[in-house]
file start-v3.txt (compact mmCIF, C-alpha atoms)
# COMPACT_ATOMS: atom_id res chain seq x y z
CA MET A 1 1.19 -38.79 27.67
CA ARG A 2 -2.57 -38.14 27.88
CA GLY A 3 -2.34 -38.29 31.68
CA PHE A 4 0.43 -35.71 31.61
CA ARG A 5 -1.64 -33.41 29.35
CA VAL A 6 -4.64 -33.58 31.70
CA LEU A 7 -2.38 -32.86 34.67
CA PHE A 8 -0.69 -29.98 32.84
CA LEU A 9 -4.05 -28.50 31.74
CA THR A 10 -5.19 -28.60 35.37
CA PHE A 11 -1.89 -26.97 36.36
CA LEU A 12 -2.57 -24.08 33.96
CA LEU A 13 -6.26 -23.50 34.60
CA ILE A 14 -6.73 -23.94 38.35
CA PRO A 15 -4.89 -20.72 39.36
CA ASN A 16 -7.13 -18.69 37.01
CA ILE A 17 -10.29 -20.32 38.35
CA LEU A 18 -9.19 -19.66 41.92
CA ARG A 19 -8.47 -16.01 41.20
CA ALA A 20 -12.04 -15.62 39.86
CA GLN A 21 -13.52 -16.78 43.19
CA ALA A 22 -13.99 -14.59 46.26
CA ASP A 23 -10.74 -14.20 48.16
CA GLY A 24 -12.28 -15.53 51.35
CA ASP A 25 -13.44 -18.78 49.73
CA ALA A 26 -10.31 -19.72 47.83
CA PRO A 27 -6.92 -20.93 49.07
CA ALA A 28 -3.88 -18.97 47.91
CA ALA A 29 -3.13 -19.78 44.26
CA ASP A 30 0.52 -20.39 45.13
CA THR A 31 -0.40 -23.54 47.06
CA LEU A 32 -1.65 -25.18 43.85
CA ARG A 33 0.76 -23.68 41.34
CA VAL A 34 2.88 -26.85 41.39
CA PRO A 35 0.74 -29.93 42.09
CA ALA A 36 2.15 -32.61 44.38
CA GLY A 37 4.28 -35.10 42.49
CA PHE A 38 4.71 -32.81 39.48
CA SER A 39 8.19 -32.88 38.05
CA ALA A 40 9.70 -31.06 35.09
CA GLU A 41 13.03 -30.44 33.48
CA ALA A 42 14.92 -27.47 34.84
CA GLY A 43 13.37 -24.28 33.47
CA GLU A 44 10.49 -26.10 31.77
CA PHE A 45 7.15 -24.17 31.92
CA ARG A 46 8.70 -21.65 34.33
CA GLN A 47 9.53 -18.67 32.15
CA GLY A 48 5.99 -17.35 32.01
CA LYS A 49 6.63 -15.41 28.78
CA GLY A 50 3.65 -16.69 26.82
CA VAL A 51 5.55 -19.41 24.96
CA ASP A 52 3.37 -22.12 23.34
CA VAL A 53 4.00 -25.40 25.14
CA ASP A 54 1.26 -27.80 24.05
CA THR A 55 -1.69 -28.23 21.69
CA LEU A 56 -4.75 -30.20 22.78
CA ASP A 57 -7.61 -31.69 20.80
CA ILE A 58 -10.71 -30.64 22.75
CA ASN A 59 -12.98 -33.03 20.81
CA ASP A 60 -14.71 -30.06 19.17
CA GLY A 61 -13.63 -31.37 15.78
CA ARG A 62 -12.94 -27.91 14.38
CA LEU A 63 -10.70 -26.32 17.01
CA LEU A 64 -7.50 -27.05 18.88
CA LEU A 65 -6.49 -25.50 22.22
CA VAL A 66 -2.97 -24.07 22.42
CA LEU A 67 -1.54 -23.74 25.94
CA ARG A 68 1.08 -21.17 26.91
CA ASP A 69 3.53 -21.22 29.80
CA ASP A 70 2.00 -18.08 31.37
CA HIS A 71 -1.33 -19.82 32.17
CA THR A 72 -3.10 -18.44 29.08
CA TRP A 73 -4.48 -20.24 26.04
CA TYR A 74 -6.05 -19.62 22.64
CA TYR A 75 -7.83 -21.54 19.88
CA ILE A 76 -6.62 -22.40 16.39
CA LYS A 77 -8.37 -24.12 13.49
CA ASN A 78 -7.95 -27.89 13.18
CA PHE A 79 -6.60 -28.05 9.63
CA LYS A 80 -6.67 -31.86 9.57
CA LYS A 81 -10.43 -31.78 10.09
CA MET A 82 -10.85 -29.07 7.45
CA GLU A 83 -9.07 -31.00 4.69
CA GLY A 84 -12.22 -32.93 3.83
CA ASP A 85 -14.51 -29.91 3.78
CA ASP A 86 -16.28 -29.26 0.49
CA THR A 87 -14.59 -25.84 0.31
CA PHE A 88 -11.18 -27.50 0.02
CA VAL A 89 -12.31 -30.31 -2.28
CA LYS A 90 -14.70 -28.85 -4.86
CA ASP A 91 -12.96 -26.97 -7.71
CA TRP A 92 -9.61 -27.66 -6.06
CA VAL A 93 -7.22 -27.63 -9.03
CA PRO A 94 -3.58 -27.10 -8.01
CA ASN A 95 -1.80 -24.26 -9.84
CA ALA A 96 -4.84 -23.35 -12.00
CA ILE A 97 -5.29 -19.57 -12.01
CA ASN A 98 -9.08 -19.92 -12.05
CA PRO A 99 -10.58 -23.42 -11.76
CA PHE A 100 -14.17 -22.25 -11.22
CA LYS A 101 -16.89 -22.67 -13.84
CA THR A 102 -19.81 -21.11 -11.97
CA PRO A 103 -21.91 -18.75 -14.17
CA LEU A 104 -22.09 -15.27 -12.65
CA ASP A 105 -25.89 -15.09 -12.92
CA SER A 106 -26.24 -18.26 -10.84
CA LEU A 107 -24.59 -16.65 -7.80
CA PRO A 108 -26.77 -15.10 -5.08
CA LEU A 109 -27.43 -11.36 -5.35
CA ARG A 110 -25.76 -10.92 -1.98
CA ASN A 111 -23.80 -13.20 0.29
CA SER A 112 -22.76 -12.58 3.91
CA ILE A 113 -19.16 -13.76 4.37
CA CYS A 114 -17.57 -14.11 7.81
CA LEU A 115 -13.98 -12.88 7.49
CA VAL A 116 -12.75 -13.55 11.04
CA ASP A 117 -14.03 -15.29 14.17
CA THR A 118 -12.81 -16.21 17.65
CA ALA A 119 -10.28 -18.68 16.22
CA SER A 120 -8.95 -16.61 13.31
CA THR A 121 -7.80 -13.12 12.47
CA PHE A 122 -6.73 -10.82 9.64
CA VAL A 123 -3.16 -9.67 9.00
CA CYS A 124 -2.54 -7.14 6.25
CA PRO A 125 -0.22 -8.77 3.67
CA ASN A 126 1.67 -5.48 3.21
CA PRO A 127 0.35 -2.42 5.10
CA THR A 128 0.73 0.62 2.83
CA LYS A 129 -1.21 3.11 0.74
CA VAL A 130 -2.80 1.58 -2.37
CA PHE A 131 -0.85 2.64 -5.45
CA SER A 132 -3.08 1.30 -8.22
CA ARG A 133 -6.71 0.46 -7.60
CA PHE A 134 -9.14 -2.19 -8.79
CA GLY A 135 -10.93 -1.62 -12.11
CA TYR A 136 -10.05 -0.95 -15.74
CA ARG A 137 -6.52 0.30 -16.40
CA HIS A 138 -5.29 1.13 -19.90
CA GLY A 139 -8.23 -0.79 -21.34
CA ARG A 140 -7.41 -3.91 -19.34
CA ARG A 141 -9.02 -5.33 -16.24
CA HIS A 142 -6.93 -4.73 -13.13
CA GLN A 143 -8.37 -7.33 -10.79
CA GLY A 144 -6.70 -6.33 -7.54
CA VAL A 145 -4.82 -3.56 -5.77
CA ASP A 146 -1.11 -2.78 -6.06
CA LEU A 147 0.69 -2.27 -2.74
CA PRO A 148 4.21 -0.82 -3.20
CA LEU A 149 7.12 -2.42 -1.36
CA LYS A 150 10.86 -2.99 -1.65
CA THR A 151 12.10 -6.21 -3.25
CA GLY A 152 12.68 -8.76 -0.51
CA THR A 153 9.99 -7.39 1.82
CA PRO A 154 8.20 -10.26 3.63
CA VAL A 155 4.65 -10.88 2.40
CA VAL A 156 2.22 -12.65 4.75
CA ALA A 157 -1.08 -14.52 4.43
CA ALA A 158 -4.12 -12.31 5.06
CA PHE A 159 -6.25 -15.10 6.58
CA ASP A 160 -5.97 -18.75 7.60
CA GLY A 161 -6.19 -21.10 4.65
CA ARG A 162 -4.61 -23.63 2.31
CA VAL A 163 -2.26 -22.90 -0.58
CA ARG A 164 -3.89 -23.87 -3.88
CA VAL A 165 -1.39 -22.17 -6.21
CA SER A 166 2.36 -21.68 -5.88
CA THR A 167 3.82 -21.23 -9.34
CA TYR A 168 5.29 -18.83 -11.88
CA ASN A 169 2.88 -17.18 -14.30
CA LYS A 170 3.69 -14.89 -17.24
CA GLY A 171 1.47 -12.08 -15.98
CA TYR A 172 1.55 -12.54 -12.20
CA GLY A 173 5.17 -13.64 -12.01
CA ASN A 174 5.70 -15.67 -8.84
CA LEU A 175 2.16 -16.21 -7.60
CA VAL A 176 0.64 -17.68 -4.43
CA VAL A 177 -3.11 -18.26 -4.13
CA ILE A 178 -4.66 -19.22 -0.79
CA ARG A 179 -8.18 -20.60 -0.39
CA HIS A 180 -9.98 -19.75 2.83
CA GLU A 181 -12.66 -21.50 4.86
CA ASN A 182 -15.29 -18.92 3.89
CA GLY A 183 -14.83 -19.69 0.17
CA LEU A 184 -12.76 -16.63 -0.67
CA GLU A 185 -9.37 -16.89 -2.36
CA THR A 186 -6.56 -14.34 -2.01
CA TYR A 187 -3.89 -13.83 -4.69
CA TYR A 188 -0.33 -12.58 -4.04
CA GLY A 189 1.49 -11.68 -7.27
CA HIS A 190 4.90 -10.44 -8.53
CA LEU A 191 6.77 -12.10 -5.63
CA SER A 192 10.55 -12.38 -5.90
CA LYS A 193 10.37 -15.66 -3.97
CA ARG A 194 7.64 -18.15 -3.03
CA GLU A 195 8.05 -19.77 0.38
CA VAL A 196 5.04 -22.12 0.45
CA GLU A 197 3.97 -25.11 -1.63
CA VAL A 198 0.61 -26.32 -2.92
CA GLY A 199 -1.28 -28.04 -0.08
CA ASP A 200 0.44 -26.12 2.74
CA TRP A 201 -1.83 -24.80 5.49
CA VAL A 202 -1.05 -21.31 6.73
CA HIS A 203 -2.26 -19.05 9.51
CA ALA A 204 -2.94 -15.35 9.05
CA GLY A 205 0.41 -13.59 9.37
CA ASP A 206 2.53 -16.54 8.23
CA GLN A 207 5.19 -15.48 5.73
CA ILE A 208 4.42 -16.90 2.28
CA GLY A 209 7.04 -15.14 0.16
CA LEU A 210 9.08 -12.04 -0.57
CA GLY A 211 7.90 -9.02 -2.52
CA GLY A 212 9.35 -8.28 -5.93
CA SER A 213 8.65 -7.33 -9.54
CA THR A 214 8.37 -10.61 -11.44
CA GLY A 215 6.01 -11.16 -14.37
CA ARG A 216 4.25 -8.21 -16.03
CA SER A 217 5.37 -5.52 -13.61
CA THR A 218 6.94 -2.08 -13.90
CA GLY A 219 8.43 -1.98 -10.42
CA PRO A 220 8.42 -3.80 -7.07
CA HIS A 221 4.97 -4.10 -5.54
CA LEU A 222 2.52 -6.68 -4.24
CA HIS A 223 -0.46 -7.31 -6.51
CA PHE A 224 -3.19 -8.47 -4.11
CA GLU A 225 -6.55 -9.88 -5.22
CA THR A 226 -9.68 -11.14 -3.48
CA ARG A 227 -11.93 -13.52 -5.42
CA TYR A 228 -15.18 -15.39 -4.86
CA GLN A 229 -15.99 -18.37 -7.10
CA GLY A 230 -13.22 -17.15 -9.38
CA TYR A 231 -14.67 -13.64 -9.78
CA ALA A 232 -12.48 -10.79 -8.56
CA PHE A 233 -13.88 -7.93 -6.47
CA ASP A 234 -12.23 -4.80 -5.10
CA PRO A 235 -10.06 -5.82 -2.09
CA GLU A 236 -10.71 -2.39 -0.59
CA TRP A 237 -14.23 -3.56 0.24
CA ILE A 238 -12.82 -5.74 3.01
CA ALA A 239 -9.85 -3.78 4.36
CA ASP A 240 -8.11 -0.42 4.70
CA TYR A 241 -4.58 -1.36 3.58
CA GLU A 242 -2.92 1.83 4.76
CA LYS A 243 -4.22 1.23 8.29
CA GLY A 244 -3.82 -2.53 7.93
CA GLU A 245 -7.31 -3.14 9.32
CA LEU A 246 -10.48 -4.96 8.30
CA ARG A 247 -13.43 -2.67 7.69
CA LYS A 248 -15.78 -5.17 9.37
CA ASN A 249 -15.78 -8.80 10.50
CA VAL A 250 -18.69 -9.82 8.27
CA PHE A 251 -18.65 -8.65 4.66
CA VAL A 252 -21.80 -8.49 2.54
CA LEU A 253 -20.68 -9.33 -0.99
CA ARG A 254 -23.09 -8.06 -3.63
CA ARG A 255 -23.02 -9.82 -6.96
CA SER A 256 -22.60 -6.43 -8.60
CA TYR A 257 -19.23 -6.07 -6.83
CA LEU A 258 -17.94 -8.90 -9.07
CA ASP A 259 -18.11 -6.57 -12.07
CA ALA A 260 -14.66 -5.29 -13.06
CA GLY A 261 -15.99 -1.73 -13.12
CA SER A 262 -17.33 -1.84 -9.54
CA ARG A 263 -15.03 -0.13 -7.03
CA TYR A 264 -15.17 0.27 -3.28
CA VAL A 265 -17.35 3.15 -2.12
CA PRO A 266 -16.71 4.41 1.45
CA GLU A 267 -19.68 3.86 3.72
CA SER A 268 -20.59 4.56 7.32
CA LEU A 269 -22.10 2.21 9.88
CA ASP A 270 -25.47 3.99 9.69
CA GLU A 271 -25.72 3.08 5.99
CA GLU A 272 -26.44 -0.58 6.76
CA ASP A 273 -29.76 -0.26 4.92
CA ASP A 274 -27.89 0.50 1.73
CA VAL A 275 -25.50 -2.43 2.20
CA TYR A 276 -28.41 -4.82 2.71
CA GLY A 277 -30.39 -3.09 -0.07
CA ALA A 278 -33.28 -4.73 -1.86
CA ASP A 279 -32.50 -7.24 -4.58
CA GLU A 280 -34.02 -4.84 -7.11
CA LYS A 281 -31.37 -2.23 -6.30
CA ILE A 282 -28.58 -4.76 -6.82
CA VAL A 283 -30.01 -5.75 -10.22
CA GLU A 284 -30.30 -2.07 -11.16
CA GLU A 285 -26.67 -1.54 -10.15
CA GLU A 286 -25.58 -4.47 -12.32
CA LYS A 287 -27.45 -3.02 -15.30
CA ARG A 288 -25.93 0.42 -14.74
CA LEU A 289 -22.39 -1.01 -14.59
CA ALA A 290 -22.99 -3.04 -17.74
CA ALA A 291 -24.28 0.04 -19.59
CA GLU A 292 -21.31 2.12 -18.45
CA ARG A 293 -18.90 -0.58 -19.53
CA ALA A 294 -20.56 -0.85 -22.97
CA ALA A 295 -20.28 2.92 -23.46
CA ILE A 296 -16.56 3.16 -22.69
CA ARG A 297 -14.42 4.06 -25.71
CA TYR A 298 -10.67 3.70 -26.14
CA TYR A 299 -8.21 5.25 -28.56
CA THR A 300 -5.21 3.24 -29.76
CA VAL A 301 -1.99 5.25 -29.76
CA LYS A 302 -0.37 5.65 -33.19
CA LYS A 303 3.08 6.82 -34.22
CA GLY A 304 3.52 10.55 -33.56
CA ASP A 305 0.58 10.83 -31.15
CA SER A 306 0.79 12.90 -27.99
CA LEU A 307 -1.71 12.84 -25.15
CA GLY A 308 -2.55 16.50 -25.74
CA ALA A 309 -3.27 15.86 -29.42
CA ILE A 310 -5.43 12.84 -28.57
CA ALA A 311 -7.40 14.97 -26.07
CA ARG A 312 -8.03 17.66 -28.69
CA LYS A 313 -9.20 15.10 -31.26
CA GLN A 314 -11.68 13.74 -28.74
CA GLY A 315 -12.92 17.18 -27.69
CA LYS A 316 -11.56 16.69 -24.16
CA SER A 317 -9.13 18.58 -21.96
CA LEU A 318 -5.77 17.03 -21.20
CA ASN A 319 -6.68 16.84 -17.49
CA ALA A 320 -9.92 15.01 -18.32
CA ILE A 321 -8.03 12.34 -20.27
CA ILE A 322 -5.47 11.97 -17.46
CA LYS A 323 -8.29 11.55 -14.93
CA LEU A 324 -9.84 8.80 -17.06
CA ASN A 325 -6.48 6.95 -17.17
CA PRO A 326 -5.05 6.75 -13.63
CA GLY A 327 -1.30 6.23 -13.58
CA ILE A 328 -0.76 7.29 -17.20
CA ASN A 329 2.50 9.10 -18.04
CA PRO A 330 1.56 11.91 -20.48
CA ASP A 331 5.15 12.13 -21.69
CA LYS A 332 5.66 8.43 -22.33
CA LEU A 333 3.09 6.86 -24.64
CA SER A 334 3.74 3.66 -26.58
CA ILE A 335 2.36 2.63 -29.97
CA GLY A 336 -0.64 0.34 -29.50
CA GLN A 337 -1.38 1.66 -26.00
CA LYS A 338 -5.11 1.94 -25.18
CA ILE A 339 -6.25 5.35 -23.91
CA ARG A 340 -9.70 5.71 -22.41
CA VAL A 341 -11.41 8.79 -23.93
CA ASN A 342 -14.85 8.87 -22.26

call {"tool": "encode", "arguments": {"input": "start-v3.txt", "output": "structure tokens"}}
result
Amino acid sequence: MRGFRVLFLTFLLIPNILRAQADGDAPAADTLRVPAGFSAEAGEFRQGKGVDVDTLDINDGRLLLVLRDDHTWYYIKNFKKMEGDDTFVKDWVPNAINPFKTPLDSLPLRNSICLVDTASTFVCPNPTKVFSRFGYRHGRRHQGVDLPLKTGTPVVAAFDGRVRVSTYNKGYGNLVVIRHENGLETYYGHLSKREVEVGDWVHAGDQIGLGGSTGRSTGPHLHFETRYQGYAFDPEWIADYEKGELRKNVFVLRRSYLDAGSRYVPESLDEEDDVYGADEKIVEEEKRLAAERAAIRYYTVKKGDSLGAIARKQGKSLNAIIKLNPGINPDKLSIGQKIRVN
């Protein structure tokens, strides 16, 4: 079998090498397209439509070479080799929502995280406009973004990785969590169906479930989270979900982004200085976010309350209260509901 693989690899690569040489120095590629003595089943390797036909271990240890029938190839990660990596061993607790115990102040002030490389890519789990953003919502932490979809819509893995969680949870409903080689974890909540199990390896774009409205949900959508060491940060830092594109291949994660009140702020490429800002600036940002969070006040809705009446009591306009509470329905308040008032 190994002899056949070597022969087949030669069969695929020689025509490309010959085409790269000067025409006067190289024999016609057709003379070597089928080596002498090569035999194959009828139709085998002859369609030339880019179908995967073999996977070779190139002794790199981390990569495998996938050959196609149109004389092209590409690399994929060697998941068997990755199983023993510290990333997939340390704090690996199947079906635990957050198995990490790392204190926030022990994390680096900033950390450069490679999101994709030559052997991996990003696929948006559900390309659409963000409906509900990261941050505080109705007095509670909203640790991801909500991406609307119809029940039954396929949901795919954003990056290569291994499934650490595939379970039902009261809040998330049907939940899948995937850990990635760079240490990030992505969460996919409110699924109507889970199609992967704990321990499964997936490539970016592989279907992991179907969208739905299970758990604590008011309608069908995908709740998508990005976490580092168990701490959630705004997924909009890494991707534009309406376009379905990464913002950049390497993401600089500031520790201050791990605060629930820290949201994505659009930036341009010429603002790299700000992204790689001095440690002092990051500490100042953390202090500012903590002070803002401590100053936030909420009003608990009582029987007979209306949003307009609450606004008047707080010396605010109705529009100001609505702006402080994204997604609130002014005509449908419930007793016990938390309304942000400053």

call {"tool": "residues_around", "arguments": {"input": "start-v3.txt", "residues": "A:Asp331", "least_positions_apart": "4", "cutoff": "10 Å", "atoms": "all atoms listed in the file", "output": "ChimeraX atom specification"}}
result
/A:306-308

call {"tool": "residues_around", "arguments": {"input": "start-v3.txt", "residues": "A:Leu184", "least_positions_apart": "2", "cutoff": "12 Å", "atoms": "only C-alpha atoms", "output": "NGL selection string"}}
result
:A and (87-88 or 111-115 or 158-162 or 164 or 177-182 or 186-187 or 225-233 or 235 or 238 or 251 or 253)

call {"tool": "residues_around", "arguments": {"input": "start-v3.txt", "residues": "stretch 122-134 of chain A", "least_positions_apart": "2", "cutoff": "10 Å", "atoms": "all atoms listed in the file", "output": "VMD selection string"}}
result
chain A and resid 115 to 117 120 136 to 137 141 to 149 153 to 160 188 203 to 208 211 221 to 225 232 to 236 239 to 246 249 260 to 264 326 to 327

call {"tool": "atom_distance", "arguments": {"input": "start-v3.txt", "atom1": "atom CA of A:Gln314", "atom2": "atom CA of A:Arg340"}}
result
10.4 Å

call {"tool": "residues_around", "arguments": {"input": "start-v3.txt", "residues": "stretch 92-96 of chain A", "least_positions_apart": "4", "cutoff": "10 Å", "atoms": "all atoms listed in the file", "output": "PyMOL selection string"}}
result
chain A and resi 86-88+100+163-169+175-177+179+198-199

call {"tool": "closest_residue", "arguments": {"input": "start-v3.txt", "among": "A:Trp237, A:Lys303, A:Gly135, A:Val51", "to": "A:Leu324", "atoms": "only C-alpha atoms"}}
result
A:Gly135

call {"tool": "closest_residue", "arguments": {"input": "start-v3.txt", "among": "A:Ala119, A:Pro108, A:Lys302, A:Lys80", "to": "A:Leu65", "atoms": "all atoms listed in the file"}}
result
A:Ala119

call {"tool": "atom_distance", "arguments": {"input": "start-v3.txt", "atom1": "atom CA of A:Thr214", "atom2": "atom CA of A:Lys101"}}
result
28.1 Å

call {"tool": "residues_around", "arguments": {"input": "start-v3.txt", "residues": "A:Tyr298", "least_positions_apart": "2", "cutoff": "12 Å", "atoms": "all atoms listed in the file", "output": "PyMOL selection string"}}
result
chain A and resi 136-140+293-296+300-301+310-311+314+321+324-325+336-342

call {"tool": "atom_distance", "arguments": {"input": "start-v3.txt", "atom1": "atom CA of A:Leu63", "atom2": "atom CA of A:Tyr75"}}
result
6.3 Å

call {"tool": "closest_residue", "arguments": {"input": "start-v3.txt", "among": "A:Gly215, A:Asn78, A:Leu258, A:Thr121", "to": "A:Asn59", "atoms": "all atoms listed in the file"}}
result
A:Asn78
